[in-house]
Amino acid sequence: MDLGITGRVALVGGASRGIGRAVAEALVAEGARVVITARDADRTAQAAAEIGAAAGLAWDSRDLDAVPGLLARIAAEVGPVDILITNTGGPPANPDPLALSTEEWEQAHRTLVLAPIALLSAVLPGMRRRRWGRVVGIASTTVREPIQPLILSNAERSAGLAAYKTLAREVARDGVTINTLLTGSIATERAASLAGSMAAAEAQAATTVPAGRIGRPEEMAWAAAFLCSERAAYITGTALAVDGGALHGV
Ligand code: NAD
């Protein structure tokens, strides 16, 4: 299937490794001109070179003030953003959901709600004017079934999902879609660090995920690439789980 996104400008966050990087790689393979961001300038530039992205720029998703400058630079050097993948590192886990500080809650809110909203507020007007745009949020199955030590992810990603749903309805008439992927257990550094090691993450997935294994970052990327495609024009406001069947709800 031709996804029909050759030449489209894509911005992918948290893409020096893991799911973000895999999504960026899939969009490059589809002919998009991809800009990746992550915290560390050198690692981001290196990842961009390795996957054939148009640019790799340092941006910390907690830095809301840097959003206008980041987007102005991308517009000048590559073009206005047609495809936005909102993604960043996950918030910390804590075995005691009552032990998190106000600062930790504020950081999680900033990175999982305020930062994506700042990006969306900046790129949606142009997408609407050009009558084409695709937004995919990388979230988590925790919005459907909270995971006990991940209260920050459970709560803040749910807030983000509700905002995306609201905005999806607002812009649907203008050829812009906004969807969310609910990440299950995917083999990345995040999964390894939460489980203690990659071997532990794999062993856990082998027994708890109906598919009998941990997912691969490319399996998230292929779903994201489809949602970014011309072919997915009539899909908006959805939250698609990529979880090997792990969610119980219908
Ligand atoms: P990862 O830790 O492997 O990669 C995260 C990426 O985000 C890296 O490129 C990192 O440099 C970047 N990053 C981290 N903090 C940042 C910040 N403040 N500003 C900018 N960039 C930052 O994680 P991943 O597994 O690829 O996960 C991507 C998202 O999906 C995360 O939010 C994670 O919590 C979520 N998720 C992952 C899983 C899983 O099993 N892997 C499951 C559910 C949800």
# chains A, B, ... in the order shown; residues from 1 in each chain; ligands from 1
$ closest_atom_pairs --of "chain A" --to "ligand 1" --cutoff "9 Å" --atoms "only C-alpha atoms and all ligand atoms" --output "Markdown table"
| residue | atom | partner | partner_atom_place_in_ligand_line | distance |
| --- | --- | --- | --- | --- |
| A:Gly13 | CA | ligand 1 | 21 (N) | 6.4 |
| A:Gly14 | CA | ligand 1 | 7 (O) | 3.3 |
| A:Ala15 | CA | ligand 1 | 9 (O) | 4.3 |
| A:Ser16 | CA | ligand 1 | 9 (O) | 3.8 |
| A:Arg17 | CA | ligand 1 | 9 (O) | 4.3 |
| A:Gly18 | CA | ligand 1 | 26 (O) | 3.5 |
| A:Ile19 | CA | ligand 1 | 26 (O) | 3.7 |
| A:Gly20 | CA | ligand 1 | 26 (O) | 5.6 |
| A:Arg21 | CA | ligand 1 | 9 (O) | 7.0 |
| A:Ala22 | CA | ligand 1 | 26 (O) | 8.4 |
| A:Thr37 | CA | ligand 1 | 21 (N) | 6.7 |
| A:Ala38 | CA | ligand 1 | 21 (N) | 3.8 |
| A:Arg39 | CA | ligand 1 | 20 (C) | 4.4 |
| A:Asp40 | CA | ligand 1 | 11 (O) | 6.7 |
| A:Arg43 | CA | ligand 1 | 11 (O) | 8.1 |
| A:Thr44 | CA | ligand 1 | 9 (O) | 7.7 |
| A:Ala58 | CA | ligand 1 | 20 (C) | 7.8 |
| A:Trp59 | CA | ligand 1 | 20 (C) | 5.7 |
| A:Asp60 | CA | ligand 1 | 19 (N) | 3.4 |
| A:Ser61 | CA | ligand 1 | 19 (N) | 3.8 |
| A:Arg62 | CA | ligand 1 | 18 (N) | 5.5 |
| A:Asp63 | CA | ligand 1 | 19 (N) | 8.0 |
| A:Asn87 | CA | ligand 1 | 29 (C) | 5.8 |
| A:Thr88 | CA | ligand 1 | 7 (O) | 4.1 |
| A:Gly89 | CA | ligand 1 | 14 (C) | 3.4 |
| A:Gly90 | CA | ligand 1 | 34 (O) | 3.1 |
| A:Pro91 | CA | ligand 1 | 34 (O) | 6.4 |
| A:Pro92 | CA | ligand 1 | 34 (O) | 8.7 |
| A:Thr111 | CA | ligand 1 | 18 (N) | 6.7 |
| A:Leu112 | CA | ligand 1 | 32 (O) | 8.0 |
| A:Ile138 | CA | ligand 1 | 30 (O) | 5.7 |
| A:Ala139 | CA | ligand 1 | 30 (O) | 5.8 |
| A:Ser140 | CA | ligand 1 | 44 (C) | 4.2 |
| A:Thr141 | CA | ligand 1 | 43 (C) | 6.5 |
| A:Thr142 | CA | ligand 1 | 43 (C) | 7.3 |
| A:Ser153 | CA | ligand 1 | 34 (O) | 7.4 |
| A:Leu182 | CA | ligand 1 | 43 (C) | 7.2 |
| A:Thr183 | CA | ligand 1 | 43 (C) | 4.5 |
| A:Gly184 | CA | ligand 1 | 42 (C) | 4.9 |
| A:Ser185 | CA | ligand 1 | 40 (O) | 3.7 |
| A:Ile186 | CA | ligand 1 | 40 (O) | 3.8 |
| A:Ala187 | CA | ligand 1 | 41 (N) | 5.7 |
| A:Thr188 | CA | ligand 1 | 3 (O) | 4.6 |
| A:Glu189 | CA | ligand 1 | 3 (O) | 4.2 |
| A:Arg190 | CA | ligand 1 | 2 (O) | 4.0 |
| A:Ala191 | CA | ligand 1 | 40 (O) | 4.5 |
| A:Ala192 | CA | ligand 1 | 41 (N) | 8.0 |
| A:Ser193 | CA | ligand 1 | 2 (O) | 8.4 |
| A:Leu194 | CA | ligand 1 | 40 (O) | 8.6 |
| A:Ala201 | CA | ligand 1 | 40 (O) | 8.5 |
| A:Ile214 | CA | ligand 1 | 40 (O) | 8.2 |
| A:Gly215 | CA | ligand 1 | 40 (O) | 7.9 |
| A:Arg216 | CA | ligand 1 | 41 (N) | 8.9 |
| A:Pro217 | CA | ligand 1 | 26 (O) | 7.4 |
| A:Asp243 | CA | ligand 1 | 42 (C) | 8.8 |
$ residues_around --residues "A:Gly126" --least-positions-apart "2" --cutoff "12 Å" --atoms "only C-alpha atoms" --output "MDAnalysis selection string"
chainID A and resid 71 75 79:83 119:124 128:134 171 174:176
$ select_by_dssp --residues "stretch 24-122 of chain A" --states "alpha helix (DSSP H)" --output "JSON, numbers by chain"
{"A": [24, 25, 26, 27, 28, 29, 41, 42, 43, 44, 45, 46, 47, 48, 49, 50, 51, 67, 68, 69, 70, 71, 72, 73, 74, 75, 76, 77, 102, 103, 104, 105, 106, 107, 108, 109, 115, 116, 117, 118, 119, 120, 121, 122]}
$ select_by_dssp --residues "stretch 18-242 of chain A" --states "strand (DSSP E)" --output "PDB file with C-alpha atoms, in the first residue's frame"
ATOM      1  CA  ARG A  33      11.080  14.596   5.324  1.00  0.00           C
ATOM      2  CA  VAL A  34      11.520  13.877   9.002  1.00  0.00           C
ATOM      3  CA  VAL A  35      12.859  16.089  11.776  1.00  0.00           C
ATOM      4  CA  ILE A  36      13.541  14.353  15.064  1.00  0.00           C
ATOM      5  CA  THR A  37      13.955  15.875  18.504  1.00  0.00           C
ATOM      6  CA  ALA A  38      15.158  14.637  21.891  1.00  0.00           C
ATOM      7  CA  ALA A  55      17.484  17.055  10.867  1.00  0.00           C
ATOM      8  CA  GLY A  56      17.987  16.079  14.490  1.00  0.00           C
ATOM      9  CA  LEU A  57      17.430  18.942  16.930  1.00  0.00           C
ATOM     10  CA  ALA A  58      17.781  19.149  20.697  1.00  0.00           C
ATOM     11  CA  ILE A  83       2.803  15.324  10.454  1.00  0.00           C
ATOM     12  CA  LEU A  84       3.348  15.612  14.207  1.00  0.00           C
ATOM     13  CA  ILE A  85       4.239  12.679  16.450  1.00  0.00           C
ATOM     14  CA  THR A  86       4.025  13.733  20.086  1.00  0.00           C
ATOM     15  CA  GLY A 133      -2.435  17.275   8.709  1.00  0.00           C
ATOM     16  CA  ARG A 134      -1.764  14.193  10.797  1.00  0.00           C
ATOM     17  CA  VAL A 135      -1.110  14.043  14.528  1.00  0.00           C
ATOM     18  CA  VAL A 136      -0.317  10.843  16.402  1.00  0.00           C
ATOM     19  CA  GLY A 137       0.203  10.856  20.161  1.00  0.00           C
ATOM     20  CA  ILE A 138       2.308   8.094  21.686  1.00  0.00           C
ATOM     21  CA  ALA A 139       0.525   7.271  24.936  1.00  0.00           C
ATOM     22  CA  SER A 140       0.010   4.095  26.924  1.00  0.00           C
ATOM     23  CA  VAL A 176      -6.570  17.093   9.888  1.00  0.00           C
ATOM     24  CA  THR A 177      -6.670  13.889  11.934  1.00  0.00           C
ATOM     25  CA  ILE A 178      -5.553  13.414  15.535  1.00  0.00           C
ATOM     26  CA  ASN A 179      -5.148   9.895  16.894  1.00  0.00           C
ATOM     27  CA  THR A 180      -3.406   8.196  19.782  1.00  0.00           C
ATOM     28  CA  LEU A 181      -1.491   4.952  20.068  1.00  0.00           C
ATOM     29  CA  LEU A 182      -1.790   3.127  23.365  1.00  0.00           C
ATOM     30  CA  THR A 183       1.567   1.484  23.881  1.00  0.00           C
ATOM     31  CA  ALA A 239      -7.005   5.473  20.548  1.00  0.00           C
ATOM     32  CA  LEU A 240      -5.492   2.305  19.104  1.00  0.00           C
ATOM     33  CA  ALA A 241      -3.824  -0.180  21.422  1.00  0.00           C
ATOM     34  CA  VAL A 242      -0.637  -1.833  20.140  1.00  0.00           C
TER      35      VAL A 242
END
$ closest_residue --among "A:Ala29, A:Met198, A:Val113, A:Ala76" --to "A:Leu64" --atoms "only C-alpha atoms"
A:Val113
$ closest_residue --among "A:Ala246, A:Ala203, A:Leu152, A:Leu27" --to "A:Cys228" --atoms "only C-alpha atoms"
A:Leu27
$ closest_residue --among "A:Leu11, A:Gly52, A:Leu150, A:Ala223" --to "A:Val28" --atoms "only C-alpha atoms"
A:Gly52
$ atom_distance --atom1 "atom CA of A:Ala47" --atom2 "atom CA of A:Arg8"
19.8 Å
$ atom_distance --atom1 "atom CA of A:Glu30" --atom2 "atom CA of A:Gly4"
8.0 Å
$ closest_residue --among "A:Ile74, A:Ala159, A:Ala225, A:Ala232" --to "A:Ala26" --atoms "only C-alpha atoms"
A:Ala225
$ decode --residues "stretch 104-115 of chain A" --atoms "all heavy atoms" --output "compact mmCIF listing (two decimals), in the first residue's frame"
# COMPACT_ATOMS: atom_id res chain seq x y z
N GLU A 104 6.83 16.68 41.04
CA GLU A 104 6.79 15.54 40.11
C GLU A 104 5.48 15.53 39.31
O GLU A 104 5.47 15.23 38.12
CB GLU A 104 7.00 14.23 40.89
CG GLU A 104 8.44 14.04 41.31
CD GLU A 104 8.62 12.84 42.25
OE1 GLU A 104 7.97 12.79 43.30
OE2 GLU A 104 9.45 11.98 41.93
N TRP A 105 4.39 15.86 39.98
CA TRP A 105 3.10 15.95 39.27
C TRP A 105 3.15 17.06 38.21
O TRP A 105 2.67 16.89 37.09
CB TRP A 105 1.96 16.22 40.26
CG TRP A 105 1.41 14.97 40.87
CD1 TRP A 105 1.70 14.46 42.10
CD2 TRP A 105 0.48 14.06 40.28
NE1 TRP A 105 1.01 13.29 42.32
CE2 TRP A 105 0.25 13.02 41.22
CE3 TRP A 105 -0.18 14.01 39.06
CZ2 TRP A 105 -0.61 11.96 40.96
CZ3 TRP A 105 -1.04 12.95 38.80
CH2 TRP A 105 -1.25 11.94 39.74
N GLU A 106 3.75 18.19 38.60
CA GLU A 106 3.82 19.31 37.65
C GLU A 106 4.69 18.98 36.44
O GLU A 106 4.36 19.33 35.31
CB GLU A 106 4.31 20.57 38.36
CG GLU A 106 3.19 21.20 39.17
CD GLU A 106 3.62 22.41 39.99
OE1 GLU A 106 4.83 22.67 40.10
OE2 GLU A 106 2.73 23.06 40.55
N GLN A 107 5.81 18.27 36.70
CA GLN A 107 6.68 17.87 35.58
C GLN A 107 5.94 16.94 34.63
O GLN A 107 6.04 17.06 33.41
CB GLN A 107 7.93 17.12 36.11
CG GLN A 107 8.93 17.99 36.81
CD GLN A 107 9.74 18.83 35.83
OE1 GLN A 107 9.45 18.85 34.63
NE2 GLN A 107 10.72 19.54 36.33
N ALA A 108 5.23 15.97 35.20
CA ALA A 108 4.50 15.01 34.36
C ALA A 108 3.43 15.73 33.55
O ALA A 108 3.22 15.45 32.37
CB ALA A 108 3.88 13.91 35.23
N HIS A 109 2.76 16.69 34.19
CA HIS A 109 1.72 17.45 33.48
C HIS A 109 2.34 18.28 32.35
O HIS A 109 1.80 18.33 31.24
CB HIS A 109 0.99 18.35 34.48
CG HIS A 109 -0.17 19.06 33.89
ND1 HIS A 109 -1.30 18.42 33.45
CD2 HIS A 109 -0.38 20.38 33.61
CE1 HIS A 109 -2.16 19.30 32.96
NE2 HIS A 109 -1.61 20.49 33.03
N ARG A 110 3.48 18.87 32.66
CA ARG A 110 4.16 19.70 31.66
C ARG A 110 4.54 18.87 30.44
O ARG A 110 4.30 19.24 29.30
CB ARG A 110 5.41 20.31 32.31
CG ARG A 110 6.32 21.08 31.40
CD ARG A 110 7.37 21.80 32.22
NE ARG A 110 6.79 22.94 32.90
CZ ARG A 110 6.86 24.19 32.45
NH1 ARG A 110 7.53 24.45 31.36
NH2 ARG A 110 6.31 25.18 33.09
N THR A 111 5.13 17.71 30.70
CA THR A 111 5.69 16.93 29.59
C THR A 111 4.62 16.14 28.84
O THR A 111 4.71 15.96 27.63
CB THR A 111 6.87 16.07 30.11
OG1 THR A 111 7.72 15.76 29.04
CG2 THR A 111 6.45 14.85 30.82
N LEU A 112 3.56 15.69 29.53
CA LEU A 112 2.56 14.83 28.87
C LEU A 112 1.29 15.58 28.44
O LEU A 112 0.52 15.05 27.64
CB LEU A 112 2.17 13.67 29.80
CG LEU A 112 3.30 12.68 30.11
CD1 LEU A 112 2.83 11.61 31.08
CD2 LEU A 112 3.84 12.04 28.83
N VAL A 113 1.08 16.79 28.96
CA VAL A 113 -0.11 17.56 28.55
C VAL A 113 0.30 18.91 27.96
O VAL A 113 -0.04 19.21 26.80
CB VAL A 113 -1.09 17.77 29.74
CG1 VAL A 113 -2.30 18.57 29.29
CG2 VAL A 113 -1.53 16.42 30.30
N LEU A 114 1.03 19.71 28.72
CA LEU A 114 1.30 21.08 28.25
C LEU A 114 2.18 21.09 27.01
O LEU A 114 1.94 21.88 26.08
CB LEU A 114 1.94 21.91 29.37
CG LEU A 114 1.09 22.08 30.63
CD1 LEU A 114 1.82 22.96 31.64
CD2 LEU A 114 -0.27 22.69 30.29
N ALA A 115 3.21 20.23 26.95
CA ALA A 115 4.11 20.25 25.79
C ALA A 115 3.38 19.83 24.51
O ALA A 115 3.45 20.55 23.49
CB ALA A 115 5.33 19.37 26.05
